[in-house]
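Undergrad: Data: my_file.txt, compact mmCIF, N, CA and C atoms.
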```txt
# COMPACT_ATOMS: atom_id res chain seq x y z
N MET R 102 0.82 -1.20 0.00
CA MET R 102 0.00 0.00 0.00
C MET R 102 0.86 1.26 0.00
N ILE R 103 1.98 1.24 0.72
CA ILE R 103 2.80 2.44 0.77
C ILE R 103 3.29 2.78 -0.63
N GLY R 104 3.19 4.05 -0.99
CA GLY R 104 3.65 4.47 -2.30
C GLY R 104 2.87 5.67 -2.82
N LYS R 105 3.23 6.06 -4.04
CA LYS R 105 2.59 7.20 -4.70
C LYS R 105 1.61 6.70 -5.76
N TYR R 106 0.48 7.38 -5.82
CA TYR R 106 -0.60 7.01 -6.73
C TYR R 106 -1.04 8.22 -7.55
N LYS R 107 -1.49 7.95 -8.76
CA LYS R 107 -2.11 8.98 -9.60
C LYS R 107 -3.53 8.52 -9.86
N GLY R 108 -4.45 9.48 -9.83
CA GLY R 108 -5.83 9.10 -10.04
C GLY R 108 -6.70 10.23 -10.54
N HIS R 109 -7.98 9.94 -10.59
CA HIS R 109 -8.96 10.94 -10.99
C HIS R 109 -10.29 10.65 -10.31
N TYR R 110 -11.11 11.70 -10.23
CA TYR R 110 -12.48 11.52 -9.75
C TYR R 110 -13.41 12.34 -10.62
N GLN R 111 -14.68 12.00 -10.53
CA GLN R 111 -15.70 12.76 -11.25
C GLN R 111 -16.98 12.74 -10.44
N TYR R 112 -17.87 13.67 -10.78
CA TYR R 112 -19.15 13.81 -10.09
C TYR R 112 -20.21 12.97 -10.78
N ASP R 113 -21.12 12.39 -9.99
CA ASP R 113 -22.27 11.70 -10.57
C ASP R 113 -23.22 12.70 -11.24
N ASN R 114 -23.35 13.88 -10.65
CA ASN R 114 -24.22 14.93 -11.19
C ASN R 114 -23.53 15.57 -12.41
N GLN R 115 -24.05 15.27 -13.59
CA GLN R 115 -23.42 15.76 -14.82
C GLN R 115 -23.49 17.28 -14.95
N LYS R 116 -24.48 17.91 -14.33
CA LYS R 116 -24.56 19.38 -14.35
C LYS R 116 -23.33 19.98 -13.66
N ILE R 117 -22.97 19.42 -12.51
CA ILE R 117 -21.78 19.89 -11.79
C ILE R 117 -20.53 19.62 -12.62
N GLN R 118 -20.43 18.42 -13.17
CA GLN R 118 -19.25 18.05 -13.95
C GLN R 118 -19.07 18.98 -15.14
N LYS R 119 -20.14 19.34 -15.82
CA LYS R 119 -20.06 20.26 -16.97
C LYS R 119 -19.63 21.65 -16.54
N GLN R 120 -20.09 22.11 -15.36
CA GLN R 120 -19.70 23.43 -14.86
C GLN R 120 -18.21 23.50 -14.56
N LEU R 121 -17.60 22.37 -14.21
CA LEU R 121 -16.15 22.34 -13.96
C LEU R 121 -15.35 22.45 -15.25
N LYS R 122 -16.00 22.16 -16.38
CA LYS R 122 -15.37 22.23 -17.71
C LYS R 122 -14.26 21.19 -17.90
N HIS R 123 -14.34 20.10 -17.15
CA HIS R 123 -13.40 18.98 -17.26
C HIS R 123 -14.16 17.69 -17.05
N ASP R 124 -13.80 16.66 -17.81
CA ASP R 124 -14.46 15.36 -17.65
C ASP R 124 -14.04 14.68 -16.35
N LEU R 125 -12.78 14.91 -15.94
CA LEU R 125 -12.21 14.28 -14.75
C LEU R 125 -11.38 15.30 -13.99
N THR R 126 -11.31 15.15 -12.68
CA THR R 126 -10.39 15.94 -11.86
C THR R 126 -9.26 15.01 -11.45
N LEU R 127 -8.03 15.42 -11.74
CA LEU R 127 -6.85 14.60 -11.45
C LEU R 127 -6.35 14.85 -10.03
N PHE R 128 -5.68 13.85 -9.46
CA PHE R 128 -5.06 14.02 -8.15
C PHE R 128 -3.84 13.12 -8.01
N ASN R 129 -2.97 13.50 -7.09
CA ASN R 129 -1.82 12.69 -6.67
C ASN R 129 -2.01 12.36 -5.20
N LEU R 130 -1.79 11.10 -4.85
CA LEU R 130 -1.99 10.64 -3.48
C LEU R 130 -0.76 9.83 -3.07
N GLU R 131 -0.33 10.02 -1.83
CA GLU R 131 0.79 9.25 -1.31
C GLU R 131 0.41 8.63 0.03
N ILE R 132 0.52 7.31 0.10
CA ILE R 132 0.33 6.60 1.36
C ILE R 132 1.70 6.48 2.00
N THR R 133 1.86 7.10 3.17
CA THR R 133 3.16 7.16 3.83
C THR R 133 3.30 6.14 4.95
N GLU R 134 2.18 5.69 5.52
CA GLU R 134 2.22 4.72 6.61
C GLU R 134 1.12 3.69 6.40
N PHE R 135 1.46 2.42 6.67
CA PHE R 135 0.48 1.34 6.58
C PHE R 135 0.83 0.29 7.63
N GLU R 136 -0.08 0.08 8.58
CA GLU R 136 0.17 -0.88 9.64
C GLU R 136 -1.15 -1.46 10.14
N ASN R 137 -1.20 -2.79 10.23
CA ASN R 137 -2.39 -3.50 10.74
C ASN R 137 -3.67 -3.09 10.02
N GLY R 138 -3.58 -2.88 8.72
CA GLY R 138 -4.75 -2.53 7.93
C GLY R 138 -5.11 -1.06 7.92
N HIS R 139 -4.43 -0.26 8.72
CA HIS R 139 -4.69 1.18 8.76
C HIS R 139 -3.61 1.92 7.98
N PHE R 140 -4.00 2.99 7.30
CA PHE R 140 -3.01 3.78 6.54
C PHE R 140 -3.32 5.26 6.64
N ASN R 141 -2.30 6.05 6.35
CA ASN R 141 -2.50 7.50 6.22
C ASN R 141 -1.50 8.06 5.23
N GLY R 142 -1.74 9.29 4.84
CA GLY R 142 -0.87 9.92 3.86
C GLY R 142 -1.41 11.28 3.45
N PHE R 143 -1.06 11.66 2.23
CA PHE R 143 -1.36 13.00 1.73
C PHE R 143 -1.99 12.92 0.35
N VAL R 144 -2.73 13.97 -0.01
CA VAL R 144 -3.36 14.04 -1.32
C VAL R 144 -3.33 15.48 -1.81
N GLU R 145 -3.13 15.64 -3.11
CA GLU R 145 -3.20 16.96 -3.75
C GLU R 145 -4.02 16.84 -5.02
N ASP R 146 -5.10 17.62 -5.10
CA ASP R 146 -5.90 17.69 -6.32
C ASP R 146 -5.21 18.60 -7.32
N ASP R 147 -5.49 18.38 -8.58
CA ASP R 147 -5.03 19.26 -9.65
C ASP R 147 -6.06 20.38 -9.81
N ILE R 148 -5.71 21.58 -9.39
CA ILE R 148 -6.68 22.68 -9.46
C ILE R 148 -7.00 23.07 -10.90
N ASP R 149 -6.10 22.76 -11.84
CA ASP R 149 -6.37 23.08 -13.25
C ASP R 149 -7.47 22.21 -13.84
N THR R 150 -7.79 21.08 -13.20
CA THR R 150 -8.88 20.23 -13.69
C THR R 150 -10.07 20.24 -12.72
N GLY R 151 -10.16 21.30 -11.90
CA GLY R 151 -11.32 21.49 -11.04
C GLY R 151 -11.18 20.99 -9.62
N GLY R 152 -9.95 20.72 -9.19
CA GLY R 152 -9.72 20.19 -7.85
C GLY R 152 -9.74 21.24 -6.76
N THR R 153 -9.73 20.77 -5.53
CA THR R 153 -9.68 21.61 -4.35
C THR R 153 -8.23 21.97 -4.05
N PRO R 154 -7.92 23.26 -3.82
CA PRO R 154 -6.53 23.64 -3.56
C PRO R 154 -6.02 23.15 -2.21
N GLY R 155 -4.70 23.06 -2.10
CA GLY R 155 -4.05 22.68 -0.86
C GLY R 155 -3.65 21.22 -0.80
N LYS R 156 -2.82 20.91 0.18
CA LYS R 156 -2.37 19.54 0.41
C LYS R 156 -3.20 18.97 1.55
N GLY R 157 -3.97 17.93 1.25
CA GLY R 157 -4.85 17.33 2.24
C GLY R 157 -4.25 16.09 2.86
N ILE R 158 -4.95 15.57 3.86
CA ILE R 158 -4.53 14.33 4.51
C ILE R 158 -5.59 13.26 4.27
N ILE R 159 -5.13 12.01 4.28
CA ILE R 159 -6.04 10.87 4.18
C ILE R 159 -5.77 9.93 5.34
N ASN R 160 -6.83 9.33 5.84
CA ASN R 160 -6.75 8.30 6.88
C ASN R 160 -7.75 7.23 6.51
N GLY R 161 -7.28 5.97 6.50
CA GLY R 161 -8.20 4.92 6.07
C GLY R 161 -7.83 3.54 6.54
N GLU R 162 -8.60 2.58 6.02
CA GLU R 162 -8.42 1.17 6.36
C GLU R 162 -8.50 0.32 5.11
N LYS R 163 -7.74 -0.77 5.13
CA LYS R 163 -7.79 -1.79 4.08
C LYS R 163 -8.22 -3.09 4.74
N ASN R 164 -9.24 -3.72 4.18
CA ASN R 164 -9.74 -4.99 4.69
C ASN R 164 -9.92 -5.91 3.49
N GLY R 165 -8.98 -6.85 3.31
CA GLY R 165 -9.01 -7.70 2.11
C GLY R 165 -8.76 -6.85 0.88
N ASN R 166 -9.68 -6.90 -0.08
CA ASN R 166 -9.51 -6.06 -1.26
C ASN R 166 -10.40 -4.82 -1.21
N GLU R 167 -10.93 -4.50 -0.03
CA GLU R 167 -11.75 -3.31 0.15
C GLU R 167 -10.94 -2.22 0.85
N ILE R 168 -11.19 -0.97 0.46
CA ILE R 168 -10.49 0.16 1.04
C ILE R 168 -11.50 1.26 1.35
N THR R 169 -11.33 1.91 2.49
CA THR R 169 -12.12 3.09 2.84
C THR R 169 -11.17 4.13 3.40
N PHE R 170 -11.42 5.39 3.07
CA PHE R 170 -10.62 6.45 3.67
C PHE R 170 -11.38 7.76 3.65
N ILE R 171 -10.93 8.67 4.51
CA ILE R 171 -11.49 10.02 4.58
C ILE R 171 -10.42 10.98 4.08
N LYS R 172 -10.83 11.86 3.19
CA LYS R 172 -9.95 12.90 2.63
C LYS R 172 -10.35 14.22 3.29
N GLU R 173 -9.34 14.90 3.87
CA GLU R 173 -9.58 16.19 4.52
C GLU R 173 -8.68 17.23 3.87
N MET R 174 -9.31 18.21 3.22
CA MET R 174 -8.58 19.27 2.52
C MET R 174 -8.57 20.54 3.37
N PRO R 175 -7.46 21.30 3.34
CA PRO R 175 -7.33 22.46 4.21
C PRO R 175 -8.10 23.69 3.76
N ILE R 176 -8.53 23.72 2.51
CA ILE R 176 -9.22 24.89 1.96
C ILE R 176 -10.57 24.44 1.41
N ALA R 177 -11.62 25.09 1.85
CA ALA R 177 -12.96 24.75 1.36
C ALA R 177 -13.15 25.34 -0.03
N SER R 178 -13.74 24.56 -0.91
CA SER R 178 -14.09 25.06 -2.24
C SER R 178 -15.49 24.58 -2.59
N PHE R 179 -16.25 25.49 -3.18
CA PHE R 179 -17.62 25.20 -3.56
C PHE R 179 -17.87 25.75 -4.95
N LEU R 180 -18.64 25.03 -5.73
CA LEU R 180 -19.04 25.48 -7.05
C LEU R 180 -20.32 26.29 -6.88
N ILE R 181 -20.21 27.60 -7.10
CA ILE R 181 -21.35 28.50 -6.92
C ILE R 181 -21.59 29.24 -8.22
N ASN R 182 -22.78 29.07 -8.77
CA ASN R 182 -23.16 29.70 -10.05
C ASN R 182 -22.12 29.45 -11.13
N GLY R 183 -21.62 28.22 -11.20
CA GLY R 183 -20.70 27.84 -12.25
C GLY R 183 -19.25 28.24 -12.03
N LYS R 184 -18.94 28.85 -10.88
CA LYS R 184 -17.56 29.26 -10.59
C LYS R 184 -17.10 28.66 -9.28
N MET R 185 -15.83 28.23 -9.25
CA MET R 185 -15.26 27.65 -8.03
C MET R 185 -14.87 28.78 -7.08
N LYS R 186 -15.43 28.74 -5.88
CA LYS R 186 -15.12 29.72 -4.84
C LYS R 186 -14.37 29.00 -3.73
N THR R 187 -13.32 29.64 -3.20
CA THR R 187 -12.56 29.04 -2.11
C THR R 187 -12.70 29.89 -0.85
N TYR R 188 -12.57 29.22 0.29
CA TYR R 188 -12.71 29.86 1.59
C TYR R 188 -11.60 29.35 2.50
N ASN R 189 -11.07 30.21 3.33
CA ASN R 189 -9.96 29.87 4.20
C ASN R 189 -10.45 29.09 5.44
N LYS R 190 -11.12 28.00 5.18
CA LYS R 190 -11.60 27.08 6.21
C LYS R 190 -11.45 25.68 5.66
N LYS R 191 -11.49 24.68 6.53
CA LYS R 191 -11.38 23.29 6.08
C LYS R 191 -12.57 22.91 5.21
N HIS R 192 -12.28 22.15 4.17
CA HIS R 192 -13.32 21.61 3.30
C HIS R 192 -14.09 20.52 4.05
N PRO R 193 -15.38 20.35 3.77
CA PRO R 193 -16.08 19.21 4.39
C PRO R 193 -15.37 17.89 4.06
N LYS R 194 -15.42 16.96 4.99
CA LYS R 194 -14.77 15.66 4.79
C LYS R 194 -15.36 14.94 3.58
N ILE R 195 -14.49 14.23 2.86
CA ILE R 195 -14.90 13.46 1.69
C ILE R 195 -14.63 11.99 2.01
N TYR R 196 -15.65 11.16 1.87
CA TYR R 196 -15.59 9.75 2.24
C TYR R 196 -15.42 8.89 0.98
N TYR R 197 -14.38 8.09 0.96
CA TYR R 197 -14.06 7.24 -0.19
C TYR R 197 -14.22 5.77 0.18
N LYS R 198 -14.71 4.98 -0.76
CA LYS R 198 -14.79 3.54 -0.60
C LYS R 198 -14.45 2.93 -1.95
N GLY R 199 -13.64 1.85 -1.93
CA GLY R 199 -13.25 1.27 -3.20
C GLY R 199 -12.81 -0.17 -3.10
N THR R 200 -12.52 -0.73 -4.27
CA THR R 200 -12.08 -2.11 -4.41
C THR R 200 -10.71 -2.13 -5.07
N ILE R 201 -9.81 -2.93 -4.51
CA ILE R 201 -8.46 -3.06 -5.04
C ILE R 201 -8.43 -4.23 -6.02
N THR R 202 -7.91 -3.99 -7.22
CA THR R 202 -7.66 -5.06 -8.19
C THR R 202 -6.16 -5.09 -8.46
N ASP R 203 -5.73 -5.89 -9.41
CA ASP R 203 -4.30 -6.04 -9.69
C ASP R 203 -3.60 -4.72 -10.00
N ASP R 204 -4.23 -3.87 -10.80
CA ASP R 204 -3.53 -2.68 -11.27
C ASP R 204 -4.17 -1.35 -10.89
N LYS R 205 -5.29 -1.38 -10.16
CA LYS R 205 -5.94 -0.12 -9.80
C LYS R 205 -6.83 -0.29 -8.58
N ILE R 206 -7.25 0.85 -8.06
CA ILE R 206 -8.23 0.91 -6.99
C ILE R 206 -9.33 1.84 -7.51
N GLU R 207 -10.57 1.42 -7.41
CA GLU R 207 -11.65 2.27 -7.89
C GLU R 207 -12.88 2.11 -7.02
N GLY R 208 -13.71 3.15 -7.01
CA GLY R 208 -14.91 3.09 -6.20
C GLY R 208 -15.72 4.35 -6.25
N PHE R 209 -16.35 4.65 -5.10
CA PHE R 209 -17.27 5.77 -4.98
C PHE R 209 -16.82 6.72 -3.88
N TRP R 210 -17.22 7.98 -3.97
CA TRP R 210 -16.94 8.96 -2.93
C TRP R 210 -18.22 9.74 -2.65
N LYS R 211 -18.27 10.37 -1.45
CA LYS R 211 -19.41 11.21 -1.12
C LYS R 211 -19.01 12.30 -0.14
N ILE R 212 -19.71 13.40 -0.25
CA ILE R 212 -19.65 14.49 0.72
C ILE R 212 -21.04 14.56 1.31
N LYS R 213 -21.13 14.47 2.63
CA LYS R 213 -22.44 14.46 3.28
C LYS R 213 -23.04 15.87 3.29
N PHE R 214 -24.36 15.93 3.43
CA PHE R 214 -25.07 17.19 3.59
C PHE R 214 -24.50 17.94 4.79
N GLY R 215 -24.37 19.25 4.67
CA GLY R 215 -23.86 20.02 5.79
C GLY R 215 -24.05 21.51 5.60
N VAL R 216 -23.84 22.24 6.67
CA VAL R 216 -23.92 23.70 6.65
C VAL R 216 -22.53 24.23 6.91
N PHE R 217 -22.12 25.21 6.12
CA PHE R 217 -20.79 25.78 6.20
C PHE R 217 -20.93 27.27 6.47
N MET R 218 -20.31 27.74 7.54
CA MET R 218 -20.38 29.16 7.88
C MET R 218 -19.07 29.85 7.51
N ASN R 219 -19.19 30.98 6.85
CA ASN R 219 -18.03 31.81 6.52
C ASN R 219 -18.38 33.24 6.92
N GLY R 220 -18.04 33.58 8.15
CA GLY R 220 -18.45 34.88 8.67
C GLY R 220 -19.97 34.90 8.81
N LEU R 221 -20.61 35.86 8.18
CA LEU R 221 -22.06 35.95 8.23
C LEU R 221 -22.74 35.17 7.11
N MET R 222 -21.95 34.63 6.19
CA MET R 222 -22.53 33.91 5.06
C MET R 222 -22.67 32.43 5.41
N MET R 223 -23.84 31.88 5.11
CA MET R 223 -24.08 30.47 5.35
C MET R 223 -24.25 29.77 4.00
N LEU R 224 -23.47 28.71 3.80
CA LEU R 224 -23.60 27.90 2.60
C LEU R 224 -24.16 26.55 3.01
N ILE R 225 -25.12 26.07 2.25
CA ILE R 225 -25.69 24.76 2.52
C ILE R 225 -25.16 23.80 1.48
N GLY R 226 -24.44 22.80 1.95
CA GLY R 226 -23.87 21.81 1.05
C GLY R 226 -24.78 20.60 0.94
N VAL R 227 -25.22 20.32 -0.28
CA VAL R 227 -26.06 19.15 -0.49
C VAL R 227 -25.16 17.92 -0.57
N LYS R 228 -25.75 16.75 -0.34
CA LYS R 228 -24.98 15.51 -0.48
C LYS R 228 -24.49 15.43 -1.92
N THR R 229 -23.20 15.18 -2.08
CA THR R 229 -22.58 15.11 -3.39
C THR R 229 -21.87 13.77 -3.50
N THR R 230 -21.99 13.13 -4.66
CA THR R 230 -21.39 11.81 -4.86
C THR R 230 -20.67 11.74 -6.19
N GLY R 231 -19.82 10.73 -6.30
CA GLY R 231 -19.11 10.52 -7.55
C GLY R 231 -18.33 9.22 -7.53
N THR R 232 -17.51 9.06 -8.56
CA THR R 232 -16.67 7.87 -8.70
C THR R 232 -15.21 8.30 -8.75
N TRP R 233 -14.31 7.35 -8.48
CA TRP R 233 -12.87 7.64 -8.49
C TRP R 233 -12.11 6.39 -8.88
N GLN R 234 -10.87 6.63 -9.29
CA GLN R 234 -9.97 5.54 -9.66
C GLN R 234 -8.54 6.02 -9.49
N MET R 235 -7.64 5.12 -9.05
CA MET R 235 -6.22 5.47 -8.97
C MET R 235 -5.38 4.21 -9.15
N GLY R 236 -4.14 4.45 -9.56
CA GLY R 236 -3.17 3.37 -9.70
C GLY R 236 -1.82 3.85 -9.23
N LYS R 237 -0.95 2.91 -8.88
CA LYS R 237 0.39 3.29 -8.42
C LYS R 237 1.12 4.03 -9.52
N SER R 238 1.78 5.11 -9.15
CA SER R 238 2.57 5.90 -10.08
C SER R 238 3.85 5.13 -10.37
N LYS R 239 3.98 4.62 -11.57
CA LYS R 239 5.12 3.75 -11.91
C LYS R 239 6.46 4.44 -11.75
N ALA R 240 6.59 5.67 -12.21
CA ALA R 240 7.87 6.38 -12.14
C ALA R 240 8.27 6.67 -10.69
N ALA R 241 7.30 6.97 -9.85
CA ALA R 241 7.60 7.34 -8.47
C ALA R 241 7.86 6.15 -7.56
N ASN R 242 7.51 4.94 -7.98
CA ASN R 242 7.64 3.77 -7.11
C ASN R 242 8.72 2.80 -7.55
N ARG R 243 9.63 3.22 -8.39
CA ARG R 243 10.70 2.32 -8.85
C ARG R 243 11.79 2.23 -7.84
```
Translate this file's structure into structure tokens.

TA:
Amino acid sequence: MIGKYKGHYQYDNQKIQKQLKHDLTLFNLEITEFENGHFNGFVEDDIDTGGTPGKGIINGEKNGNEITFIKEMPIASFLINGKMKTYNKKHPKIYYKGTITDDKIEGFWKIKFGVFMNGLMMLIGVKTTGTWQMGKSKAANR
């Protein structure tokens, strides 16, 4: 499990995906620790393909060929009226679940419904879901 991975995610809601102007959002993920089925590491989205800015952390578990983890990004970003807006607060947690095969890991992600306060402004985040896939970065793991 330890190593560097390259991957992508996309939204189930095609209206949101079209507003991002990209079919997929790319990311780089590194698992730095793995012990007794638990792992943690770091993740960076590609902001040029609609990702959330900043270097986030991941914490998760592997059980057989199943994987679950939580992605926590340091900067909140929301798609508002077709434009990505960022706020100097933590992004809502993103929950990932997937299946490991020989050459990739793929599955589903979700952001739960929530309320986000930024000063006097209140943003209501609806439940958002999508799919994701990643594989070990060959050049980085030699």

Undergrad: Smallest atom-to-atom distance to Gly236 (chain R): which of R:Glu207, R:Leu125, R:Lys184, R:Gly199, using only N, CA and C atoms?

TA: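 Looking at the shortest contact to Gly236 (chain R), the residue is R:Glu207.
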
Undergrad: Give me, please, the distance in Å between CA of Met174 (chain R) and CA of Tyr188 (chain R), quoted to one decimal.

TA: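 We find that CA of Met174 (chain R) and CA of Tyr188 (chain R) lie 11.4 Å from each other.
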
Undergrad: As JSON, numbers by chain, which residues of region 114-232 of chain R does DSSP assign to strand (DSSP E)?

TA: {"R": [126, 127, 128, 129, 130, 131, 132, 133, 134, 135, 136, 139, 140, 141, 142, 143, 144, 145, 146, 156, 157, 158, 159, 160, 161, 162, 163, 164, 167, 168, 169, 170, 171, 172, 173, 177, 178, 179, 180, 181, 184, 185, 186, 187, 188, 195, 196, 197, 198, 199, 200, 201, 206, 207, 208, 209, 210, 211, 212, 215, 216, 217, 218, 219, 222, 223, 224, 225, 226, 229, 230, 231, 232]}

Undergrad: Can you work out which one of R:Val144, R:Ile117, R:Leu130, R:Ile212 has the shortest atom-to-atom distance to Lys194 (chain R), counting all atoms listed in the file?

TA: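 Of R:Val144, R:Ile117, R:Leu130, R:Ile212, the one nearest Lys194 (chain R), counting all atoms listed in the file, is R:Ile212.
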
Undergrad: Find the residues around Asn137 (chain R) up to 8 Å (all atoms listed in the file counted), leave out those fewer than 3 positions away in its own chain, and share them as number ranges by chain.

TA: R: 134, 140, 162-163

Undergrad: Counting only N, CA and C atoms, which residues have an atom no more than 6 Å from (-6.9, 15.5, -10.2) in the file's coordinates? Please list them as an NGL selection string.

TA: :R and (108-110 or 125-129 or 146-147 or 152)

Undergrad: Which neighbours of Tyr196 (chain R) fall inside 7 Å, counting all atoms listed in the file, when residues of the same chain fewer than 6 positions from it are skipped, and could you give them as a ChimeraX atom specification?

TA: /R:169-172,209-213

Undergrad: Just write the chosen residues, N, CA and C atoms, as a CSV table (one decimal), in the frame of the given file.

TA:
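Wrote it out as out-v4.csv, contents follow:
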```csv
chain,number,residue,atom,x,y,z
R,169,THR,N,-11.3,1.9,2.5
R,169,THR,CA,-12.1,3.1,2.8
R,169,THR,C,-11.2,4.1,3.4
R,170,PHE,N,-11.4,5.4,3.1
R,170,PHE,CA,-10.6,6.4,3.7
R,170,PHE,C,-11.4,7.8,3.6
R,171,ILE,N,-10.9,8.7,4.5
R,171,ILE,CA,-11.5,10.0,4.6
R,171,ILE,C,-10.4,11.0,4.1
R,172,LYS,N,-10.8,11.9,3.2
R,172,LYS,CA,-10.0,12.9,2.6
R,172,LYS,C,-10.4,14.2,3.3
R,209,PHE,N,-16.4,4.6,-5.1
R,209,PHE,CA,-17.3,5.8,-5.0
R,209,PHE,C,-16.8,6.7,-3.9
R,210,TRP,N,-17.2,8.0,-4.0
R,210,TRP,CA,-16.9,9.0,-2.9
R,210,TRP,C,-18.2,9.7,-2.6
R,211,LYS,N,-18.3,10.4,-1.4
R,211,LYS,CA,-19.4,11.2,-1.1
R,211,LYS,C,-19.0,12.3,-0.1
R,212,ILE,N,-19.7,13.4,-0.2
R,212,ILE,CA,-19.6,14.5,0.7
R,212,ILE,C,-21.0,14.6,1.3
R,213,LYS,N,-21.1,14.5,2.6
R,213,LYS,CA,-22.4,14.5,3.3
R,213,LYS,C,-23.0,15.9,3.3
```

Undergrad: Neighbourhood query: residues within 12 Å of (-16.8, 15.0, -17.0), file coordinates, counting only C-alpha atoms; return as a VMD selection string.

TA: chain R and resid 109 to 127 150 to 151 231 to 233

Undergrad: May I ask for the distance between CA of Ser178 (chain R) and atom C of Thr200 (chain R), given in Å to one decimal place?

TA: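 Computing it gives 27.5 Å between the two atoms.
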
Undergrad: Taking the chain letters and numbering used in this document, name the residues of chain R that DSSP puts in alpha helix (DSSP H), as number ranges by chain.

TA: R: 115-121

Undergrad: Please save N, CA and C atoms of the selected residues as a compact mmCIF listing (two decimals), keeping the file's coordinate frame.

TA:
```
# COMPACT_ATOMS: atom_id res chain seq x y z
N GLN R 115 -24.05 15.27 -13.59
CA GLN R 115 -23.42 15.76 -14.82
C GLN R 115 -23.49 17.28 -14.95
N LYS R 116 -24.48 17.91 -14.33
CA LYS R 116 -24.56 19.38 -14.35
C LYS R 116 -23.33 19.98 -13.66
N ILE R 117 -22.97 19.42 -12.51
CA ILE R 117 -21.78 19.89 -11.79
C ILE R 117 -20.53 19.62 -12.62
N GLN R 118 -20.43 18.42 -13.17
CA GLN R 118 -19.25 18.05 -13.95
C GLN R 118 -19.07 18.98 -15.14
N LYS R 119 -20.14 19.34 -15.82
CA LYS R 119 -20.06 20.26 -16.97
C LYS R 119 -19.63 21.65 -16.54
N GLN R 120 -20.09 22.11 -15.36
CA GLN R 120 -19.70 23.43 -14.86
C GLN R 120 -18.21 23.50 -14.56
N LEU R 121 -17.60 22.37 -14.21
CA LEU R 121 -16.15 22.34 -13.96
C LEU R 121 -15.35 22.45 -15.25
```

Undergrad: One decimal, Å: what's the distance from atom N of Ile201 (chain R) over to atom N of Thr229 (chain R), could you say?

TA: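 Result for atom N of Ile201 (chain R) versus atom N of Thr229 (chain R): 22.7 Å, one decimal.
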
Undergrad: Determine the nearest neighbour of Pro154 (chain R) from the options R:Asn166, R:Ser238, R:Thr187, R:Thr230, counting all atoms listed in the file.

TA: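 Nearest to Pro154 (chain R): R:Thr187.
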
Undergrad: As JSON, please report the centre and edge lengths, rounded to one decimal in Å, of the axis-aligned box that holds all listed atoms of region 143-160 of chain R with 5 Å of padding on each of the six sides.

TA:
```
{"center_x": -6.2, "center_y": 15.4, "center_z": -3.5, "size_x": 20.3, "size_y": 26.4, "size_z": 30.7}
```
